$ cat start06.txt   # compact mmCIF, C-alpha atoms
# COMPACT_ATOMS: atom_id res chain seq x y z
CA MET A 171 112.19 137.87 113.72
CA ASN A 172 113.65 137.43 110.31
CA THR A 173 111.71 139.65 107.93
CA ARG A 174 113.50 138.49 104.77
CA GLY A 175 111.01 137.02 102.35
CA SER A 176 107.93 138.66 103.80
CA THR A 177 107.42 140.79 100.66
CA LEU A 178 105.54 138.01 98.90
CA PRO A 179 103.03 137.34 101.70
CA LEU A 180 102.44 141.12 102.06
CA ALA A 181 101.84 141.48 98.33
CA ALA A 182 99.48 138.50 98.55
CA LEU A 183 97.55 140.17 101.37
CA ALA A 184 97.20 143.39 99.37
CA ALA A 185 96.05 141.50 96.26
CA VAL A 186 93.51 139.48 98.25
CA THR A 187 92.08 142.66 99.78
CA GLY A 188 91.87 144.30 96.37
CA ALA A 189 90.32 141.25 94.78
CA LEU A 190 87.69 140.98 97.53
CA ALA A 191 86.79 144.65 97.04
CA LEU A 192 86.40 144.22 93.29
CA MET A 193 84.44 141.00 93.72
CA PHE A 194 81.79 142.50 95.96
CA LEU A 195 81.82 146.22 95.12
CA TYR A 196 82.92 146.62 91.52
CA ALA A 197 81.93 143.55 89.53
CA PRO A 198 78.34 143.76 88.19
CA THR A 199 75.70 141.29 89.37
CA GLU A 200 75.16 138.68 86.71
CA GLY A 201 71.70 138.88 85.17
CA LEU A 202 70.66 135.23 85.19
CA GLN A 203 72.42 133.78 88.21
CA GLY A 204 72.36 136.76 90.55
CA GLU A 205 74.75 137.23 93.46
CA VAL A 206 75.82 133.59 93.60
CA GLN A 207 77.76 134.09 90.37
CA ARG A 208 80.40 135.99 92.39
CA ILE A 209 81.68 132.64 93.57
CA PHE A 210 83.15 132.45 90.07
CA TYR A 211 85.97 134.80 91.15
CA ILE A 212 87.02 132.28 93.82
CA HIS A 213 86.19 129.02 92.10
CA VAL A 214 87.89 129.58 88.74
CA PRO A 215 91.23 130.96 90.04
CA ALA A 216 91.34 128.18 92.65
CA ALA A 217 90.91 125.63 89.87
CA TRP A 218 93.66 127.19 87.76
CA ILE A 219 96.06 127.31 90.70
CA SER A 220 95.26 123.66 91.51
CA PHE A 221 96.37 122.64 88.04
CA LEU A 222 99.41 124.92 88.21
CA ALA A 223 100.40 123.34 91.54
CA PHE A 224 100.09 119.89 90.10
CA PHE A 225 102.19 120.92 87.13
CA VAL A 226 104.87 122.18 89.55
CA VAL A 227 104.72 118.85 91.41
CA ALA A 228 105.18 116.95 88.14
CA VAL A 229 108.09 119.07 86.88
CA ALA A 230 109.86 118.98 90.26
CA SER A 231 109.32 115.19 90.35
CA VAL A 232 110.89 114.71 86.92
CA LEU A 233 113.83 116.92 87.97
CA LEU A 234 114.26 114.95 91.18
CA LEU A 235 114.41 111.64 89.35
CA SER A 236 116.92 112.95 86.81
CA LYS A 237 119.11 115.08 89.12
CA ARG A 238 118.59 113.36 92.50
CA ASP A 239 118.78 116.70 94.31
CA LEU A 240 116.49 116.56 97.37
CA ARG A 241 115.64 120.23 97.00
CA TYR A 242 113.30 119.30 94.12
CA ASP A 243 111.56 116.89 96.48
CA ARG A 244 110.95 119.71 98.93
CA ILE A 245 109.60 121.92 96.11
CA ALA A 246 107.26 119.15 94.98
CA ALA A 247 106.03 118.58 98.55
CA ALA A 248 105.46 122.29 99.17
CA ALA A 249 103.55 122.67 95.89
CA ALA A 250 101.46 119.59 96.65
CA GLU A 251 100.50 120.85 100.10
CA ALA A 252 99.54 124.27 98.77
CA GLY A 253 97.84 122.61 95.81
CA LEU A 254 95.65 120.52 98.10
CA VAL A 255 94.43 123.73 99.76
CA PHE A 256 93.37 125.22 96.42
CA THR A 257 91.90 121.98 95.13
CA THR A 258 89.83 121.80 98.32
CA ILE A 259 88.66 125.40 97.77
CA MET A 260 87.66 124.47 94.22
CA MET A 261 85.90 121.31 95.43
CA THR A 262 83.88 123.17 98.08
CA THR A 263 82.95 126.33 96.14
CA GLY A 264 81.95 124.29 93.07
CA PRO A 265 79.06 122.39 94.65
CA ILE A 266 77.74 125.54 96.39
CA TRP A 267 77.60 127.29 93.03
CA GLY A 268 76.30 124.21 91.26
CA ARG A 269 73.47 123.77 93.76
CA ARG A 270 72.12 127.24 92.94
CA VAL A 271 72.72 127.23 89.21
CA TRP A 272 72.30 123.60 88.12
CA GLY A 273 70.04 122.58 91.02
CA VAL A 274 72.37 119.78 92.10
CA TRP A 275 75.43 119.63 94.33
CA TRP A 276 77.37 117.29 92.13
CA VAL A 277 77.35 115.78 88.65
CA TRP A 278 79.72 113.17 87.33
CA ASP A 279 80.91 115.15 84.34
CA ALA A 280 84.43 115.36 82.93
CA ARG A 281 85.74 118.34 84.84
CA LEU A 282 84.16 117.52 88.17
CA THR A 283 85.36 113.94 88.00
CA SER A 284 88.90 114.84 86.99
CA SER A 285 89.01 117.45 89.76
CA LEU A 286 87.97 114.82 92.29
CA VAL A 287 90.66 112.53 90.89
CA LEU A 288 93.19 115.35 91.21
CA TRP A 289 92.16 115.92 94.82
CA LEU A 290 92.43 112.21 95.65
CA ILE A 291 95.88 111.97 94.08
CA TYR A 292 97.10 114.98 96.11
CA VAL A 293 95.72 113.34 99.26
CA GLY A 294 97.32 109.99 98.40
CA TYR A 295 100.61 111.69 97.59
CA LEU A 296 100.70 113.56 100.90
CA LEU A 297 99.42 110.53 102.84
CA PHE A 298 102.28 108.51 101.40
CA ARG A 299 104.78 111.19 102.39
CA THR A 300 103.54 111.44 105.97
CA THR A 301 103.71 107.67 106.49
CA THR A 302 107.18 107.17 104.96
CA PRO A 303 110.47 108.13 106.61
CA PRO A 304 112.13 111.09 104.81
CA GLY A 305 115.12 110.65 102.52
CA GLN A 306 116.09 109.67 98.97
CA ARG A 307 113.75 106.67 99.01
CA ARG A 308 110.67 108.67 99.91
CA ALA A 309 111.66 111.40 97.46
CA ARG A 310 111.96 109.01 94.52
CA LEU A 311 108.81 107.05 95.33
CA SER A 312 106.69 110.17 95.78
CA ALA A 313 108.11 111.54 92.51
CA VAL A 314 106.74 108.44 90.78
CA ILE A 315 103.29 109.14 92.27
CA GLY A 316 103.51 112.81 91.24
CA ILE A 317 104.40 111.97 87.64
CA VAL A 318 101.75 109.27 87.22
CA GLY A 319 99.13 111.64 88.64
CA ALA A 320 100.07 114.37 86.19
CA VAL A 321 99.99 111.96 83.25
CA ASN A 322 96.63 110.62 84.28
CA VAL A 323 94.53 113.63 85.23
CA PRO A 324 94.10 114.77 81.58
CA VAL A 325 93.42 111.17 80.57
CA VAL A 326 90.62 110.95 83.13
CA TYR A 327 89.28 114.23 81.81
CA PHE A 328 89.07 112.97 78.24
CA SER A 329 87.73 109.58 79.25
CA VAL A 330 84.76 111.20 80.96
CA PHE A 331 84.42 113.86 78.27
CA TRP A 332 83.83 111.01 75.89
CA TRP A 333 80.41 111.01 77.56
CA ARG A 334 78.28 114.12 77.77
CA THR A 335 79.32 116.96 79.99
CA LEU A 336 77.27 119.53 81.94
CA HIS A 337 80.01 121.87 83.17
CA PRO A 338 80.13 125.01 81.01
CA LEU A 339 82.88 125.15 78.42
CA PRO A 340 85.59 127.74 79.02
CA THR A 341 84.24 131.29 78.92
CA VAL A 342 87.59 133.01 79.44
CA LEU A 343 89.99 131.06 77.25
CA ASN A 344 87.29 130.44 74.68
CA PRO A 345 88.64 130.06 71.15
CA GLU A 346 85.65 131.94 69.72
CA GLY A 347 86.65 135.11 71.50
CA GLN A 348 86.01 136.80 74.79
CA LEU A 349 82.59 136.13 76.33
CA LEU A 350 83.11 137.91 79.64
CA PRO A 351 82.31 141.64 80.22
CA ALA A 352 85.36 143.79 80.97
CA GLU A 353 84.50 144.48 84.66
CA MET A 354 84.15 140.79 85.34
CA ARG A 355 87.36 140.04 83.52
CA VAL A 356 89.33 142.62 85.53
CA THR A 357 87.95 141.19 88.79
CA LEU A 358 88.79 137.67 87.71
CA TYR A 359 92.33 138.60 86.76
CA LEU A 360 93.01 140.41 90.02
CA SER A 361 91.56 137.48 91.92
CA LEU A 362 93.78 135.14 89.93
CA LEU A 363 96.80 137.30 90.78
CA ALA A 364 95.81 137.20 94.47
CA PHE A 365 95.50 133.41 94.40
CA LEU A 366 98.81 133.12 92.59
CA LEU A 367 100.57 135.25 95.19
CA VAL A 368 98.99 133.31 98.06
CA PHE A 369 100.09 130.07 96.43
CA ALA A 370 103.63 131.37 95.87
CA SER A 371 103.80 132.58 99.50
CA PHE A 372 102.69 129.17 100.78
CA VAL A 373 105.30 127.41 98.67
CA VAL A 374 108.13 129.80 99.56
CA LEU A 375 107.36 129.75 103.28
CA ARG A 376 106.97 125.99 103.32
CA LEU A 377 110.22 125.62 101.46
CA ARG A 378 112.01 127.86 103.94
CA ILE A 379 110.77 125.74 106.84
CA GLU A 380 112.00 122.57 105.13
CA ASP A 381 115.37 124.07 104.17
CA THR A 382 115.85 125.26 107.74
CA ARG A 383 114.96 121.80 109.00
CA VAL A 384 117.57 120.24 106.69
CA ARG A 385 120.20 122.72 107.91
CA LEU A 386 119.24 122.03 111.51
CA THR A 387 119.58 118.27 111.04
CA ALA A 388 122.98 118.76 109.41
CA LEU A 389 124.11 120.98 112.29
CA GLU A 390 122.89 118.46 114.86
CA GLU A 391 124.79 115.71 113.11
CA ALA A 392 127.93 117.83 112.94
CA LEU A 393 127.58 118.52 116.65
CA ARG A 394 127.27 114.86 117.49
CA ALA A 395 130.25 113.86 115.32
CA MET B 113 113.80 87.54 77.26
CA ARG B 114 115.30 84.50 79.02
CA ALA B 115 115.13 86.35 82.31
CA LEU B 116 111.47 87.14 81.69
CA ARG B 117 110.72 83.49 80.93
CA ALA B 118 112.49 82.40 84.12
CA LEU B 119 110.56 84.96 86.18
CA LEU B 120 107.22 83.85 84.75
CA TRP B 121 108.12 80.19 85.32
CA LYS B 122 108.98 81.01 88.94
CA ASP B 123 105.60 82.66 89.56
CA ALA B 124 103.73 79.87 87.77
CA LEU B 125 105.52 77.23 89.85
CA ILE B 126 104.79 79.03 93.11
CA GLU B 127 101.12 79.27 92.18
CA LEU B 128 100.87 75.65 91.02
CA ARG B 129 102.58 74.19 94.08
CA SER B 130 100.97 76.32 96.75
CA ALA B 131 97.62 77.18 95.12
CA GLU B 132 98.01 80.23 97.30
CA ARG B 133 96.22 82.95 95.44
CA LEU B 134 93.45 81.68 93.14
CA PRO B 135 91.15 79.88 95.60
CA VAL B 136 91.36 82.82 97.99
CA LEU B 137 90.59 85.30 95.21
CA ALA B 138 87.67 83.20 93.95
CA LEU B 139 86.05 83.00 97.40
CA PHE B 140 86.67 86.70 97.96
CA SER B 141 85.02 87.70 94.65
CA VAL B 142 81.99 85.48 95.27
CA ALA B 143 81.59 87.10 98.69
CA ILE B 144 81.71 90.54 97.06
CA LEU B 145 79.12 89.56 94.44
CA LEU B 146 76.89 88.19 97.21
CA THR B 147 77.05 91.48 99.11
CA LEU B 148 76.48 93.56 95.98
CA HIS B 149 73.53 91.39 95.03
CA PHE B 150 71.80 92.17 98.32
CA THR B 151 72.31 95.90 97.87
CA LEU B 152 69.40 95.74 95.40
CA PRO B 153 65.75 95.43 96.46
CA PRO B 154 64.39 91.86 95.96
CA THR B 155 62.33 92.57 92.85
CA SER B 156 64.62 95.20 91.38
CA GLU B 157 64.69 95.70 87.62
CA ALA B 158 68.24 96.95 88.03
CA ARG B 159 69.77 93.50 88.53
CA THR B 160 70.68 93.07 84.88
CA PRO B 161 71.94 96.62 84.17
CA ALA B 162 73.93 96.58 87.42
CA ALA B 163 75.63 93.27 86.67
CA PRO B 164 78.59 94.58 84.60
CA GLY B 165 79.41 97.11 87.32
CA PHE B 166 79.16 94.47 90.04
CA LEU B 167 81.47 92.24 88.03
CA TRP B 168 84.00 95.04 87.58
CA ALA B 169 83.84 95.91 91.30
CA ALA B 170 84.55 92.28 92.20
CA ILE B 171 87.47 92.26 89.75
CA VAL B 172 88.94 95.49 91.12
CA PHE B 173 88.80 94.30 94.73
CA ALA B 174 90.23 90.91 93.81
CA ALA B 175 93.01 92.68 91.90
CA LEU B 176 93.80 94.74 94.98
CA LEU B 177 94.20 91.56 97.01
CA GLU B 178 96.24 89.90 94.27
CA LEU B 179 98.59 92.90 93.92
CA ARG B 180 99.33 92.91 97.61
CA SER B 181 99.87 89.18 97.95
CA SER B 182 101.93 88.98 94.77
CA LEU B 183 104.51 91.49 96.02
CA GLU B 184 104.17 90.52 99.67
CA SER B 185 105.41 86.98 99.06
CA GLU B 186 108.41 88.38 97.18
CA ARG B 187 109.23 90.70 100.05
CA ARG B 188 108.68 88.04 102.70
CA ASP B 189 110.95 85.51 101.03
CA GLY B 190 113.54 88.11 100.06
CA THR B 191 113.11 87.31 96.36
CA LEU B 192 112.93 90.97 95.44
CA ASP B 193 116.36 91.66 96.91
CA GLY B 194 117.73 88.61 95.13
CA LEU B 195 116.30 89.81 91.84
CA ARG B 196 117.73 93.27 92.30
CA LEU B 197 121.18 91.79 92.88
CA ALA B 198 120.87 89.55 89.82
CA PRO B 199 121.74 91.14 86.46
CA VAL B 200 118.07 91.33 85.46
CA ASP B 201 116.55 94.28 83.65
CA PRO B 202 114.01 96.00 85.99
CA THR B 203 111.60 96.05 83.04
CA ALA B 204 111.70 92.25 82.97
CA ILE B 205 110.90 92.09 86.69
CA TYR B 206 108.00 94.49 86.19
CA ILE B 207 106.59 92.70 83.15
CA GLY B 208 106.99 89.38 84.93
CA LYS B 209 104.95 90.64 87.88
CA VAL B 210 102.27 92.18 85.65
CA ALA B 211 102.01 89.06 83.48
CA SER B 212 101.68 86.69 86.42
CA SER B 213 99.06 88.85 88.13
CA VAL B 214 97.11 89.26 84.88
CA ALA B 215 97.28 85.48 84.35
CA VAL B 216 95.93 84.76 87.85
CA LEU B 217 93.14 87.32 87.43
CA ALA B 218 92.32 86.08 83.91
CA VAL B 219 91.71 82.57 85.29
CA LEU B 220 89.54 84.13 87.99
CA GLU B 221 87.60 86.15 85.39
CA ALA B 222 87.05 83.07 83.23
CA ALA B 223 85.10 81.66 86.18
CA LEU B 224 83.54 84.91 87.40
CA VAL B 225 82.01 86.13 84.12
CA PRO B 226 79.92 82.94 83.58
CA LEU B 227 78.84 83.13 87.24
CA VAL B 228 77.62 86.70 86.77
CA ALA B 229 75.81 85.66 83.58
CA LEU B 230 74.18 82.80 85.47
CA PHE B 231 73.12 84.70 88.58
CA PHE B 232 72.50 88.22 87.31
CA THR B 233 71.74 88.46 83.61
CA GLY B 234 70.55 84.99 82.66
CA ARG B 235 72.14 85.29 79.21
CA ALA B 236 74.72 82.83 77.98
CA SER B 237 75.59 84.75 74.82
CA GLY B 238 78.45 87.20 74.98
CA VAL B 239 80.21 85.46 77.85
CA ALA B 240 83.34 84.65 75.87
CA PRO B 241 83.97 88.19 74.52
CA ALA B 242 83.08 89.58 77.96
CA ILE B 243 85.91 87.52 79.46
CA GLY B 244 88.21 89.04 76.84
CA VAL B 245 87.06 92.57 77.72
CA ALA B 246 87.54 91.90 81.43
CA VAL B 247 91.08 90.66 80.82
CA ALA B 248 91.86 93.69 78.63
CA GLY B 249 90.67 95.99 81.42
CA THR B 250 92.66 94.01 83.96
CA VAL B 251 95.89 94.69 82.06
CA GLY B 252 95.62 98.44 82.66
CA LEU B 253 94.45 97.92 86.23
CA VAL B 254 97.35 95.61 87.04
CA ALA B 255 99.84 97.82 85.17
CA TRP B 256 99.20 100.82 87.45
CA GLY B 257 98.55 98.53 90.41
CA THR B 258 101.89 96.72 90.25
CA LEU B 259 103.76 100.02 90.04
CA PHE B 260 101.90 101.47 93.03
CA ALA B 261 101.98 98.27 95.06
CA ALA B 262 105.77 98.44 94.72
CA VAL B 263 105.75 102.14 95.68
CA VAL B 264 103.64 101.80 98.84
CA GLY B 265 104.68 98.24 99.69
CA GLY B 266 107.05 99.07 102.51
CA THR B 267 104.80 101.73 104.02
CA ARG B 268 102.82 101.48 107.23
CA ALA B 269 99.60 102.67 105.64
CA GLY B 270 100.16 100.86 102.32
CA GLU B 271 96.83 99.02 102.43
CA VAL B 272 94.98 102.32 102.52
CA ILE B 273 97.18 104.33 100.19
CA LEU B 274 97.13 101.76 97.38
CA PRO B 275 93.37 102.04 96.69
CA VAL B 276 93.38 105.81 97.31
CA LEU B 277 95.97 106.19 94.54
CA LEU B 278 94.89 103.37 92.26
CA PHE B 279 91.11 103.73 92.06
CA PRO B 280 91.09 107.32 90.72
CA LEU B 281 93.72 106.39 88.14
CA ILE B 282 91.68 103.53 86.70
CA VAL B 283 88.58 105.63 86.03
CA PRO B 284 89.25 105.43 82.24
CA GLN B 285 89.60 101.64 82.31
CA THR B 286 86.49 101.42 84.46
CA ILE B 287 84.37 103.45 82.04
CA ALA B 288 85.55 101.67 78.90
CA CYS B 289 85.44 98.21 80.44
CA VAL B 290 82.03 98.45 82.10
CA ARG B 291 80.39 99.83 78.96
CA LEU B 292 81.83 97.02 76.83
CA LEU B 293 80.90 94.42 79.45
CA ALA B 294 77.36 95.82 79.46
CA MET B 295 77.21 95.49 75.69
CA TYR B 296 78.23 91.81 75.78
CA LEU B 297 76.56 90.65 78.98
CA THR B 298 73.27 92.55 78.91
CA GLY B 299 72.96 93.63 75.29
CA ALA B 300 72.98 97.31 76.30
CA PRO B 301 73.41 99.51 73.22
CA LEU B 302 76.80 101.13 72.74
CA ASP B 303 77.11 103.87 70.11
CA ASP B 304 80.59 103.14 69.00
CA PRO B 305 82.11 99.88 70.26
CA ALA B 306 85.19 100.34 68.06
CA THR B 307 86.10 103.59 69.85
CA ALA B 308 85.60 101.90 73.21
CA PHE B 309 88.01 99.14 72.22
CA VAL B 310 90.57 101.65 70.92
CA LEU B 311 90.30 103.65 74.17
CA LEU B 312 90.64 100.55 76.31
CA ALA B 313 93.74 99.51 74.39
CA ALA B 314 95.14 103.05 74.55
CA PHE B 315 94.70 103.14 78.36
CA ASP B 316 96.44 99.77 78.64
CA VAL B 317 99.38 100.95 76.51
CA LEU B 318 99.62 104.25 78.42
CA SER B 319 99.59 102.61 81.85
CA LEU B 320 102.07 99.91 80.83
CA GLY B 321 104.37 102.40 79.10
CA THR B 322 104.43 104.93 81.93
CA SER B 323 104.95 102.20 84.51
CA ILE B 324 107.81 100.59 82.59
CA LEU B 325 109.54 103.99 82.40
CA LEU B 326 109.13 104.57 86.14
CA PHE B 327 109.54 101.08 87.64
CA ASP B 328 113.30 101.38 87.40
CA HIS B 329 113.19 104.30 89.87
CA VAL B 330 110.91 102.37 92.22
CA LEU B 331 113.25 99.39 92.45
CA ASP B 332 116.19 101.74 92.84
CA ALA B 333 114.66 103.69 95.70
$ encode --input "start06.txt" --output "structure tokens"
Amino acid sequence: MNTRGSTLPLAALAAVTGALALMFLYAPTEGLQGEVQRIFYIHVPAAWISFLAFFVVAVASVLLLSKRDLRYDRIAAAAAEAGLVFTTIMMTTGPIWGRRVWGVWWVWDARLTSSLVLWLIYVGYLLFRTTTPPGQRRARLSAVIGIVGAVNVPVVYFSVFWWRTLHPLPTVLNPEGQLLPAEMRVTLYLSLLAFLLVFASFVVLRLRIEDTRVRLTALEEALRA
Amino acid sequence: MRALRALLWKDALIELRSAERLPVLALFSVAILLTLHFTLPPTSEARTPAAPGFLWAAIVFAALLELRSSLESERRDGTLDGLRLAPVDPTAIYIGKVASSVAVLAVLEAALVPLVALFFTGRASGVAPAIGVAVAGTVGLVAWGTLFAAVVGGTRAGEVILPVLLFPLIVPQTIACVRLLAMYLTGAPLDDPATAFVLLAAFDVLSLGTSILLFDHVLDA
């Protein structure tokens, strides 16, 4: 087996183990919410990675349209697939937490709604890719979907924010200074690093599969010619 | 500009001679309103407050049908290929499609809004501005919709993917439009109608602008 490129997944595994240990053994139990607050260390990094993934999709899509190199299409697809995983994690951990803390599974506030929109756009994007034959055409059309989605998710956020919102305002990147105790912050950051490494591993591995597939197709064609 | 006028004339002629789209859309929207009406209990107090949302739902579904048939006829008759070969700016093709779809839906809305007033709210006042609001919302809806209908048009699962992509994107138009429709049709209070109008216009400009920038790539693909 080719072991090249397995550093990233191994680092991800180590970070995930460390993050899990901090989450359950080191981080203090939150006074008001109790144990359920620990879901924060999964939910928040998953949300950040979802947005990062979508940003990668958008940038790769713009590059594809301007440079027409299909490698950008493969990057966008890999980021979208990994992004859907993290968006789904965010969308499942959120309601579990919300049920205990707010008393309801779901509210139609700005962040929840824009997250649902993000999830639907990822699904639509990947659905489109799986039902369209690969090539320049699919690459360019999915790039259009990726760009429109990236333009629109913040717009949806603000359009709902224009109403009232129940989701707490940022506690970590709060402009009025740090609200989170140091132990919680350390746990969050390690968890974020773990998620980031898992995401990067997914993208890199996915990309390697696709690159290999492209090489294989080229070889097959050369053989036939 | 001349190309745009020719494209609009073409769509208007097709519609006038075949009466293909409007009667179908009208029947379809009435069927939707009928179904939505019976989702409420017989003596429900919610009939009036629900009316603007019902109206918008009927418009969105009709728009979906219109977007598909508008591009489908082009594809079937090979017009799209002809247009791509002709020295026509892709922007003109896009604006032509958007304008003709908005025109068809505007005629539909001019009939649908009074119907909703008659059957749901029982108020005649505010019908005219409500038609205007509905048309303004339709612009943004059709702007994204035309772009995506062109993207998914050739796909096997296009019928499913179009709403999956389009409906989340039009959340802003939905919010702004339904609140303004509620203000005109039911007299529901709205804190700041001016902001709602500005937002609605901003969403229209954003969706049109982004789509114009990207439509070129869609035709090219």
$ closest_residue --input "start06.txt" --among "B:Thr298, B:Thr286, B:Thr233, B:Ser182" --to "chain A" --atoms "all atoms listed in the file"
B:Thr286
$ interface_residues --input "start06.txt" --of "chain A" --to "chain B" --cutoff "7 Å" --atoms "all atoms listed in the file" --output "VMD selection string"
chain A and resid 287 290 to 291 294 298 301 to 302 306 to 307 310 to 311 314 322 326 329
$ atom_distance --input "start06.txt" --atom1 "CA of Ala280 (chain A)" --atom2 "CA of Ala174 (chain B)"
27.4 Å
$ atom_distance --input "start06.txt" --atom1 "CA of Gly319 (chain A)" --atom2 "CA of Ile243 (chain B)"
29.0 Å
$ residues_around --input "start06.txt" --residues "region 221-223 of chain B" --least-positions-apart "4" --cutoff "9 Å" --atoms "all atoms listed in the file" --output "PyMOL selection string"
chain B and resi 138+171+216-217+227+240+243-244+246-247
$ residues_around --input "start06.txt" --residues "Thr283 (chain A)" --least-positions-apart "2" --cutoff "10 Å" --atoms "all atoms listed in the file" --output "number ranges by chain"
A: 276-281, 285-289, 323, 326-327, 330-331; B: 280, 283
$ decode --input "start06.txt" --residues "region 131-147 of chain B" --atoms "N, CA and C atoms" --output "PDB file, in the first residue's frame"
ATOM      1  N   ALA B 131     -50.758  30.629 -27.024  1.00  0.00           N
ATOM      2  CA  ALA B 131     -51.377  30.699 -25.695  1.00  0.00           C
ATOM      3  C   ALA B 131     -50.975  29.461 -24.901  1.00  0.00           C
ATOM      4  N   GLU B 132     -49.678  29.186 -24.894  1.00  0.00           N
ATOM      5  CA  GLU B 132     -49.189  27.922 -24.369  1.00  0.00           C
ATOM      6  C   GLU B 132     -49.093  27.953 -22.848  1.00  0.00           C
ATOM      7  N   ARG B 133     -48.589  29.092 -22.348  1.00  0.00           N
ATOM      8  CA  ARG B 133     -48.188  29.067 -20.942  1.00  0.00           C
ATOM      9  C   ARG B 133     -49.258  29.608 -20.006  1.00  0.00           C
ATOM     10  N   LEU B 134     -49.835  30.783 -20.324  1.00  0.00           N
ATOM     11  CA  LEU B 134     -50.679  31.468 -19.338  1.00  0.00           C
ATOM     12  C   LEU B 134     -51.883  30.671 -18.845  1.00  0.00           C
ATOM     13  N   PRO B 135     -52.688  30.104 -19.757  1.00  0.00           N
ATOM     14  CA  PRO B 135     -53.862  29.366 -19.258  1.00  0.00           C
ATOM     15  C   PRO B 135     -53.459  28.211 -18.353  1.00  0.00           C
ATOM     16  N   VAL B 136     -52.382  27.523 -18.723  1.00  0.00           N
ATOM     17  CA  VAL B 136     -51.909  26.408 -17.911  1.00  0.00           C
ATOM     18  C   VAL B 136     -51.507  26.897 -16.525  1.00  0.00           C
ATOM     19  N   LEU B 137     -50.730  28.000 -16.502  1.00  0.00           N
ATOM     20  CA  LEU B 137     -50.264  28.544 -15.229  1.00  0.00           C
ATOM     21  C   LEU B 137     -51.441  28.984 -14.360  1.00  0.00           C
ATOM     22  N   ALA B 138     -52.447  29.608 -14.988  1.00  0.00           N
ATOM     23  CA  ALA B 138     -53.596  30.105 -14.232  1.00  0.00           C
ATOM     24  C   ALA B 138     -54.326  28.945 -13.571  1.00  0.00           C
ATOM     25  N   LEU B 139     -54.592  27.886 -14.342  1.00  0.00           N
ATOM     26  CA  LEU B 139     -55.284  26.720 -13.786  1.00  0.00           C
ATOM     27  C   LEU B 139     -54.472  26.096 -12.665  1.00  0.00           C
ATOM     28  N   PHE B 140     -53.182  25.989 -12.904  1.00  0.00           N
ATOM     29  CA  PHE B 140     -52.266  25.394 -11.925  1.00  0.00           C
ATOM     30  C   PHE B 140     -52.315  26.182 -10.612  1.00  0.00           C
ATOM     31  N   SER B 141     -52.224  27.526 -10.692  1.00  0.00           N
ATOM     32  CA  SER B 141     -52.220  28.331  -9.466  1.00  0.00           C
ATOM     33  C   SER B 141     -53.543  28.234  -8.731  1.00  0.00           C
ATOM     34  N   VAL B 142     -54.651  28.199  -9.469  1.00  0.00           N
ATOM     35  CA  VAL B 142     -55.958  28.077  -8.799  1.00  0.00           C
ATOM     36  C   VAL B 142     -56.031  26.737  -8.071  1.00  0.00           C
ATOM     37  N   ALA B 143     -55.504  25.692  -8.705  1.00  0.00           N
ATOM     38  CA  ALA B 143     -55.503  24.375  -8.055  1.00  0.00           C
ATOM     39  C   ALA B 143     -54.676  24.413  -6.770  1.00  0.00           C
ATOM     40  N   ILE B 144     -53.551  25.130  -6.809  1.00  0.00           N
ATOM     41  CA  ILE B 144     -52.717  25.227  -5.604  1.00  0.00           C
ATOM     42  C   ILE B 144     -53.463  25.970  -4.501  1.00  0.00           C
ATOM     43  N   LEU B 145     -54.096  27.104  -4.870  1.00  0.00           N
ATOM     44  CA  LEU B 145     -54.834  27.881  -3.872  1.00  0.00           C
ATOM     45  C   LEU B 145     -55.965  27.047  -3.264  1.00  0.00           C
ATOM     46  N   LEU B 146     -56.623  26.250  -4.102  1.00  0.00           N
ATOM     47  CA  LEU B 146     -57.701  25.389  -3.619  1.00  0.00           C
ATOM     48  C   LEU B 146     -57.174  24.435  -2.552  1.00  0.00           C
ATOM     49  N   THR B 147     -56.050  23.782  -2.873  1.00  0.00           N
ATOM     50  CA  THR B 147     -55.467  22.830  -1.924  1.00  0.00           C
ATOM     51  C   THR B 147     -55.063  23.533  -0.634  1.00  0.00           C
TER      52      THR B 147
END
